[in-house]
Amino acid sequence: MAESLSPEVYSAVLIDHFQSPRNAGAMVDADAEAFVTNPVCGDSLRLFLKIEGGRIARASFLSSGCPASIATSSAATELLAGRDLASAEALTRDDYAAAVGGLPTAKVHCSVLAAAAVHQAIEAWRARTSAHA
Ligand code: FES
C-alpha cells in the first residue's frame, strides 16, 4: 500500500524531494559506491560518488525505500556535491533529516541510510586508492 504523503506528517521540502528526486540513478563513472540496508525495516540505498581532487564532484543514488529515505537520499546528493571528504564524513543523520525539513519521530531512523552510505563509500574509496598508492 502506498504510504500517505500527508503534509501533516511530512514537510513540503521532503515531499518535493520524494516526488522529484535529485540525482536519482546509477552513475557509470562513479569512483566510489556503497550499498546499505536499514536493519529496522530492510529498505536499501545504493550511493554513487564521483571524487575529484579530494572533493565529491557529484553524487547519485538508487533507492528501494520509503518516502523519507528517498527524500533524505535525494537531499544528501545535493549536500555532498562540492564537499571535501572530511566535510562529507562529518555530516550526520541529523543533517540529512534537517535538509528535508525534519522527519516525524517514527521516521527518524530513515536518515540513517544516507549517513551510513556516505561513510561506507568514502571508506571503500580510501581503502582502494591507498592500496594503489
Ligand atoms: Fe525504511 Fe524509512 S521505513 S528507511
# chains A, B, ... in the order shown; residues from 1 in each chain; ligands from 1
call {"tool": "residues_near_ligand", "arguments": {"ligand": "ligand 1", "cutoff": "10 Å", "atoms": "only C-alpha atoms and all ligand atoms", "output": "mmCIF file with C-alpha atoms, in the first residue's frame"}}
result
data_model
loop_
_atom_site.group_PDB
_atom_site.id
_atom_site.type_symbol
_atom_site.label_atom_id
_atom_site.label_comp_id
_atom_site.auth_asym_id
_atom_site.auth_seq_id
_atom_site.Cartn_x
_atom_site.Cartn_y
_atom_site.Cartn_z
ATOM 1 C CA GLU A 3 2.386 5.453 2.089
ATOM 2 C CA THR A 37 20.314 -1.719 4.211
ATOM 3 C CA ASN A 38 18.332 -0.339 7.095
ATOM 4 C CA PRO A 39 18.209 -3.018 9.789
ATOM 5 C CA VAL A 40 14.975 -1.564 11.141
ATOM 6 C CA CYS A 41 12.883 -2.044 8.001
ATOM 7 C CA GLY A 42 15.004 -3.667 5.267
ATOM 8 C CA ASP A 43 14.922 -0.641 2.962
ATOM 9 C CA SER A 44 18.094 -0.096 0.972
ATOM 10 C CA LEU A 45 20.192 2.608 -0.660
ATOM 11 C CA SER A 63 16.776 3.532 -3.501
ATOM 12 C CA SER A 64 14.324 0.876 -2.543
ATOM 13 C CA GLY A 65 12.815 2.630 0.376
ATOM 14 C CA CYS A 66 10.158 4.721 1.975
ATOM 15 C CA PRO A 67 9.441 8.370 1.104
ATOM 16 C CA ALA A 68 11.632 9.574 3.971
ATOM 17 C CA SER A 69 14.619 7.536 2.873
ATOM 18 C CA ILE A 70 14.221 8.548 -0.776
ATOM 19 C CA ALA A 71 13.916 12.210 0.188
ATOM 20 C CA THR A 72 16.904 12.162 2.538
ATOM 21 C CA ALA A 106 8.583 7.411 13.565
ATOM 22 C CA LYS A 107 10.778 8.151 10.531
ATOM 23 C CA VAL A 108 13.943 9.387 12.206
ATOM 24 C CA HIS A 109 15.653 6.057 11.518
ATOM 25 C CA CYS A 110 15.199 6.608 7.764
ATOM 26 C CA SER A 111 18.010 9.179 7.660
ATOM 27 C CA VAL A 112 20.468 6.517 8.813
ATOM 28 C CA LEU A 113 20.766 5.107 5.304
ATOM 29 C CA ALA A 114 22.279 8.229 3.768
#
call {"tool": "residues_around", "arguments": {"residues": "A:His17", "least_positions_apart": "4", "cutoff": "12 Å", "atoms": "only C-alpha atoms", "output": "PyMOL selection string"}}
result
chain A and resi 5+10-13+21-24+67-78+97+99-101
call {"tool": "atom_distance", "arguments": {"atom1": "atom CA of A:Ala88", "atom2": "atom CA of A:Val118"}}
result
7.4 Å
call {"tool": "select_by_dssp", "arguments": {"residues": "stretch 34-114 of chain A", "states": "alpha helix (DSSP H)", "output": "mmCIF file with C-alpha atoms, in the first residue's frame"}}
result
data_model
loop_
_atom_site.group_PDB
_atom_site.id
_atom_site.type_symbol
_atom_site.label_atom_id
_atom_site.label_comp_id
_atom_site.auth_asym_id
_atom_site.auth_seq_id
_atom_site.Cartn_x
_atom_site.Cartn_y
_atom_site.Cartn_z
ATOM 1 C CA PRO A 67 9.441 8.370 1.104
ATOM 2 C CA ALA A 68 11.632 9.574 3.971
ATOM 3 C CA SER A 69 14.619 7.536 2.873
ATOM 4 C CA ILE A 70 14.221 8.548 -0.776
ATOM 5 C CA ALA A 71 13.916 12.210 0.188
ATOM 6 C CA THR A 72 16.904 12.162 2.538
ATOM 7 C CA SER A 73 18.963 10.357 -0.094
ATOM 8 C CA SER A 74 17.993 12.951 -2.679
ATOM 9 C CA ALA A 75 18.870 15.797 -0.307
ATOM 10 C CA ALA A 76 22.131 14.060 0.563
ATOM 11 C CA THR A 77 23.294 14.131 -3.047
ATOM 12 C CA GLU A 78 22.852 17.904 -3.024
ATOM 13 C CA LEU A 79 24.554 18.320 0.359
ATOM 14 C CA LEU A 80 27.508 16.217 -0.758
ATOM 15 C CA LEU A 85 35.718 14.132 2.052
ATOM 16 C CA ALA A 86 36.206 15.122 5.698
ATOM 17 C CA SER A 87 33.327 17.546 5.488
ATOM 18 C CA ALA A 88 31.126 14.884 3.887
ATOM 19 C CA GLU A 89 32.007 12.412 6.631
ATOM 20 C CA ALA A 90 31.166 14.993 9.278
ATOM 21 C CA ARG A 93 21.825 11.724 10.052
ATOM 22 C CA ASP A 94 20.502 14.878 11.722
ATOM 23 C CA ASP A 95 21.966 16.993 8.904
ATOM 24 C CA TYR A 96 20.226 14.852 6.288
ATOM 25 C CA ALA A 97 16.972 14.981 8.218
ATOM 26 C CA ALA A 98 17.278 18.770 8.553
ATOM 27 C CA ALA A 99 17.868 19.047 4.801
ATOM 28 C CA VAL A 112 20.468 6.517 8.813
ATOM 29 C CA LEU A 113 20.766 5.107 5.304
ATOM 30 C CA ALA A 114 22.279 8.229 3.768
#
call {"tool": "residues_around", "arguments": {"residues": "A:Ala30", "least_positions_apart": "5", "cutoff": "7 Å", "atoms": "only C-alpha atoms", "output": "MDAnalysis selection string"}}
result
chainID A and resid 48:50
call {"tool": "write_last_selection", "arguments": {"atoms": "C-alpha atoms", "output": "PDB file, in the first residue's frame"}}
result
ATOM      1  CA  PHE A  48      27.469   6.640  -6.040  1.00  0.00           C
ATOM      2  CA  LEU A  49      30.188   9.282  -5.690  1.00  0.00           C
ATOM      3  CA  LYS A  50      32.407  10.967  -8.261  1.00  0.00           C
TER       4      LYS A  50
END
call {"tool": "closest_residue", "arguments": {"among": "A:Ala117, A:Thr129, A:Glu123, A:Asp16", "to": "A:Phe35", "atoms": "only C-alpha atoms"}}
result
A:Ala117
call {"tool": "atom_distance", "arguments": {"atom1": "atom CA of A:Gln120", "atom2": "atom CA of A:Leu14"}}
result
24.2 Å
call {"tool": "atom_distance", "arguments": {"atom1": "atom CA of A:Asp31", "atom2": "atom CA of A:Phe18"}}
result
25.7 Å
call {"tool": "select_by_dssp", "arguments": {"residues": "stretch 59-89 of chain A", "states": "strand (DSSP E or B)", "output": "list in words"}}
result
Ala59, Ser60, Phe61, Leu62, Ser63, Ser64 and Asp84 of chain A
call {"tool": "closest_residue", "arguments": {"among": "A:Glu8, A:Ile51, A:Ile15, A:Ser20", "to": "A:Trp125", "atoms": "only C-alpha atoms"}}
result
A:Ile51
call {"tool": "decode", "arguments": {"residues": "stretch 16-50 of chain A", "atoms": "N, CA and C atoms", "output": "short mmCIF file (atom, residue, chain, number, x, y, z; two decimals), in the first residue's frame"}}
result
data_model
loop_
_atom_site.label_atom_id
_atom_site.label_comp_id
_atom_site.auth_asym_id
_atom_site.auth_seq_id
_atom_site.Cartn_x
_atom_site.Cartn_y
_atom_site.Cartn_z
N ASP A 16 8.67 17.33 -1.78
CA ASP A 16 9.24 17.74 -3.07
C ASP A 16 10.40 16.82 -3.46
N HIS A 17 11.29 16.51 -2.52
CA HIS A 17 12.41 15.61 -2.82
C HIS A 17 11.92 14.22 -3.19
N PHE A 18 10.86 13.77 -2.51
CA PHE A 18 10.33 12.43 -2.81
C PHE A 18 9.68 12.40 -4.20
N GLN A 19 8.94 13.43 -4.52
CA GLN A 19 8.23 13.43 -5.80
C GLN A 19 9.15 13.79 -6.98
N SER A 20 10.21 14.53 -6.70
CA SER A 20 11.17 14.92 -7.75
C SER A 20 12.59 14.68 -7.25
N PRO A 21 12.97 13.42 -7.10
CA PRO A 21 14.29 13.12 -6.52
C PRO A 21 15.42 13.73 -7.36
N ARG A 22 16.38 14.34 -6.67
CA ARG A 22 17.56 14.91 -7.34
C ARG A 22 18.60 13.80 -7.49
N ASN A 23 19.23 13.81 -8.64
CA ASN A 23 20.38 12.90 -8.86
C ASN A 23 20.02 11.43 -8.64
N ALA A 24 18.82 11.05 -9.05
CA ALA A 24 18.43 9.64 -8.95
C ALA A 24 19.01 8.88 -10.14
N GLY A 25 19.50 7.68 -9.87
CA GLY A 25 20.02 6.83 -10.93
C GLY A 25 21.45 6.41 -10.68
N ALA A 26 21.86 5.37 -11.40
CA ALA A 26 23.23 4.88 -11.26
C ALA A 26 24.19 5.87 -11.92
N MET A 27 25.46 5.83 -11.49
CA MET A 27 26.50 6.68 -12.06
C MET A 27 27.54 5.76 -12.70
N VAL A 28 27.63 5.79 -14.02
CA VAL A 28 28.50 4.82 -14.70
C VAL A 28 29.99 5.08 -14.43
N ASP A 29 30.34 6.33 -14.16
CA ASP A 29 31.76 6.65 -13.94
C ASP A 29 32.06 6.94 -12.47
N ALA A 30 31.29 6.35 -11.59
CA ALA A 30 31.50 6.58 -10.15
C ALA A 30 32.88 6.10 -9.71
N ASP A 31 33.47 6.84 -8.78
CA ASP A 31 34.74 6.43 -8.18
C ASP A 31 34.51 5.62 -6.92
N ALA A 32 33.35 5.77 -6.33
CA ALA A 32 33.06 5.04 -5.09
C ALA A 32 31.56 4.79 -5.04
N GLU A 33 31.22 3.68 -4.42
CA GLU A 33 29.80 3.42 -4.19
C GLU A 33 29.63 2.60 -2.93
N ALA A 34 28.40 2.60 -2.45
CA ALA A 34 28.09 1.86 -1.24
C ALA A 34 26.68 1.32 -1.35
N PHE A 35 26.46 0.21 -0.70
CA PHE A 35 25.11 -0.36 -0.62
C PHE A 35 24.82 -0.63 0.84
N VAL A 36 23.78 -0.01 1.35
CA VAL A 36 23.44 -0.18 2.76
C VAL A 36 21.96 -0.55 2.88
N THR A 37 21.68 -1.30 3.92
CA THR A 37 20.31 -1.72 4.21
C THR A 37 19.96 -1.27 5.62
N ASN A 38 18.78 -0.77 5.78
CA ASN A 38 18.33 -0.34 7.09
C ASN A 38 17.89 -1.56 7.90
N PRO A 39 18.57 -1.83 9.01
CA PRO A 39 18.21 -3.02 9.79
C PRO A 39 16.82 -2.93 10.41
N VAL A 40 16.29 -1.73 10.51
CA VAL A 40 14.97 -1.56 11.14
C VAL A 40 13.86 -2.06 10.21
N CYS A 41 14.01 -1.78 8.91
CA CYS A 41 12.88 -2.04 8.00
C CYS A 41 13.27 -2.82 6.75
N GLY A 42 14.58 -2.95 6.46
CA GLY A 42 15.00 -3.67 5.27
C GLY A 42 15.11 -2.81 4.03
N ASP A 43 14.77 -1.53 4.11
CA ASP A 43 14.92 -0.64 2.96
C ASP A 43 16.40 -0.47 2.64
N SER A 44 16.69 -0.15 1.36
CA SER A 44 18.09 -0.10 0.97
C SER A 44 18.41 1.13 0.13
N LEU A 45 19.69 1.46 0.10
CA LEU A 45 20.19 2.61 -0.66
C LEU A 45 21.52 2.24 -1.29
N ARG A 46 21.66 2.53 -2.59
CA ARG A 46 22.94 2.43 -3.25
C ARG A 46 23.37 3.86 -3.60
N LEU A 47 24.53 4.24 -3.12
CA LEU A 47 25.03 5.61 -3.30
C LEU A 47 26.26 5.58 -4.20
N PHE A 48 26.33 6.53 -5.11
CA PHE A 48 27.47 6.64 -6.04
C PHE A 48 28.12 8.01 -5.85
N LEU A 49 29.46 8.03 -5.83
CA LEU A 49 30.19 9.28 -5.69
C LEU A 49 31.21 9.42 -6.81
N LYS A 50 31.30 10.61 -7.37
CA LYS A 50 32.41 10.97 -8.26
C LYS A 50 33.33 11.86 -7.45
#
